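> Dropping a structure here in structure tokens format, bear with me for questions.
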Amino acid sequence: MPAKKVLVVSGKRKTAIARAVVRPGIGRVRINRIPVEIYEPEIAREKIMEPLIQAGDDIWKQLDIDIKTWGGGYIGQAEAVRTAIARGLWEWTKKSSRLRRIFTEYDRTLLAGDPRRKEPKKFGGPGARARDQKSYR
């Protein structure tokens, strides 16, 4: 009996993490058990759909993608999910150079992570760079 092909990939953005499980199926994409078609808020749904639209229906309509995401805010989670989906599609197609070129031309962060993080707060002020004002009166 042949083993079923299952692929596990992850995406990260700031403090949000997304883990995607890609397997043969009928084109179901679920984020935290919610179908992507009814995922809210709408701006996050549109961001998540970007790699699926760029790849084309012929690739992802024959796969089921289940994504679990946690940490961060809703936009950070959406960007982590889109990275996980793009990496999953790219690896499923045996790392096709055509798909890599399409994703990279559209947005480099679909495959490569974004290293930016929040700068830590320092003493002497309310934030990382802002300082308390001085008055000499």
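Just so we're on the same page: first chain in the structure tokens is A, next is B, and so on; residues restart at 1 for each chain, and ligands are numbered from 1 in the order they show up.
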List as a PyMOL selection string the protein and nucleic acid residues near segment 87-100 of chain A, meaning an atom at most 10 Å away when only C-alpha atoms are counted, but skip any in the same chain fewer than 2 places from it.
chain A and resi 5-11+19-24+51-52+54-56+59-60+63+65+81-85+102-106+108+110-112
> Using only C-alpha atoms, which protein or nucleic acid residues come within 10 Å of segment 115-127 of chain A? Drop anything in the same chain fewer than 4 positions from it, and give the result as a VMD selection string.
chain A and resid 12 to 15 109 131 to 133
> Could you pull out the strand (DSSP E or B) residues of segment 51-117 of chain A from DSSP and send them as a ChimeraX atom specification?
/A:63-70
> Rounded to one decimal place, report the atom CA of Ala18 of chain A-atom CA of Gln62 of chain A distance in Å.
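So the answer is 21.3 Å.
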> For the atom pair atom CA of Glu46 of chain A and atom CA of Ala78 of chain A, what is the interatomic distance in Å to one decimal place?
9.0 Å
> Report as a PyMOL selection string all protein, DNA and RNA residues lying within 12 Å of Ile34 of chain A, evaluated on only C-alpha atoms, omitting residues in the same chain fewer than 6 positions from it.
chain A and resi 28+40+45+65-69
> Please report the interatomic distance between atom CA of Ile43 of chain A and atom CA of Gly25 of chain A in Å with one decimal.
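Atom CA of Gly25 of chain A lies 26.5 Å from atom CA of Ile43 of chain A.
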> Among segment 6-137 of chain A, which ones does DSSP assign to alpha helix (DSSP H) (computed from the backbone)? Answer as a tab-separated table (two decimals) with C-alpha atoms, in the first residue's frame.

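Full text of selection-v4.tsv as output:
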```
chain	number	residue	atom	x	y	z
A	42	GLU	CA	-11.63	40.85	4.83
A	43	ILE	CA	-8.22	42.56	4.50
A	44	ALA	CA	-6.56	39.51	6.09
A	45	ARG	CA	-8.50	37.17	3.77
A	46	GLU	CA	-7.32	39.12	0.70
A	47	LYS	CA	-3.72	38.93	1.93
A	48	ILE	CA	-4.01	35.16	2.49
A	49	MET	CA	-5.47	34.62	-1.01
A	50	GLU	CA	-2.50	36.28	-2.78
A	51	PRO	CA	-0.27	33.18	-3.18
A	52	LEU	CA	-3.27	31.06	-4.26
A	53	ILE	CA	-4.20	33.57	-6.98
A	54	GLN	CA	-0.58	33.92	-8.14
A	55	ALA	CA	-0.08	30.13	-8.34
A	57	ASP	CA	-6.21	27.20	-9.90
A	58	ASP	CA	-4.51	24.25	-11.60
A	59	ILE	CA	-2.08	23.80	-8.67
A	60	TRP	CA	-4.02	24.44	-5.45
A	74	TYR	CA	-4.42	39.43	12.79
A	75	ILE	CA	-2.28	41.02	10.03
A	76	GLY	CA	0.89	39.34	11.33
A	77	GLN	CA	-0.99	36.02	11.34
A	78	ALA	CA	-2.29	36.66	7.81
A	79	GLU	CA	1.24	37.32	6.54
A	80	ALA	CA	2.55	34.20	8.31
A	81	VAL	CA	-0.26	32.17	6.70
A	82	ARG	CA	0.46	33.50	3.21
A	83	THR	CA	4.14	32.63	3.61
A	84	ALA	CA	3.24	29.11	4.76
A	85	ILE	CA	0.84	28.62	1.82
A	86	ALA	CA	3.38	29.89	-0.71
A	87	ARG	CA	6.14	27.66	0.69
A	88	GLY	CA	3.77	24.68	0.72
A	89	LEU	CA	2.75	25.16	-2.92
A	90	TRP	CA	6.36	25.71	-3.96
A	91	GLU	CA	7.60	22.57	-2.20
A	92	TRP	CA	4.62	20.51	-3.39
A	97	SER	CA	11.58	27.49	-10.62
A	98	ARG	CA	8.50	28.86	-12.44
A	99	LEU	CA	6.52	29.15	-9.19
A	100	ARG	CA	9.51	30.60	-7.35
A	101	ARG	CA	9.94	33.26	-10.04
A	102	ILE	CA	6.21	34.16	-9.92
A	103	PHE	CA	6.22	34.49	-6.11
A	104	THR	CA	9.49	36.43	-5.99
A	105	GLU	CA	8.41	38.92	-8.67
A	106	TYR	CA	5.09	39.51	-6.89
```
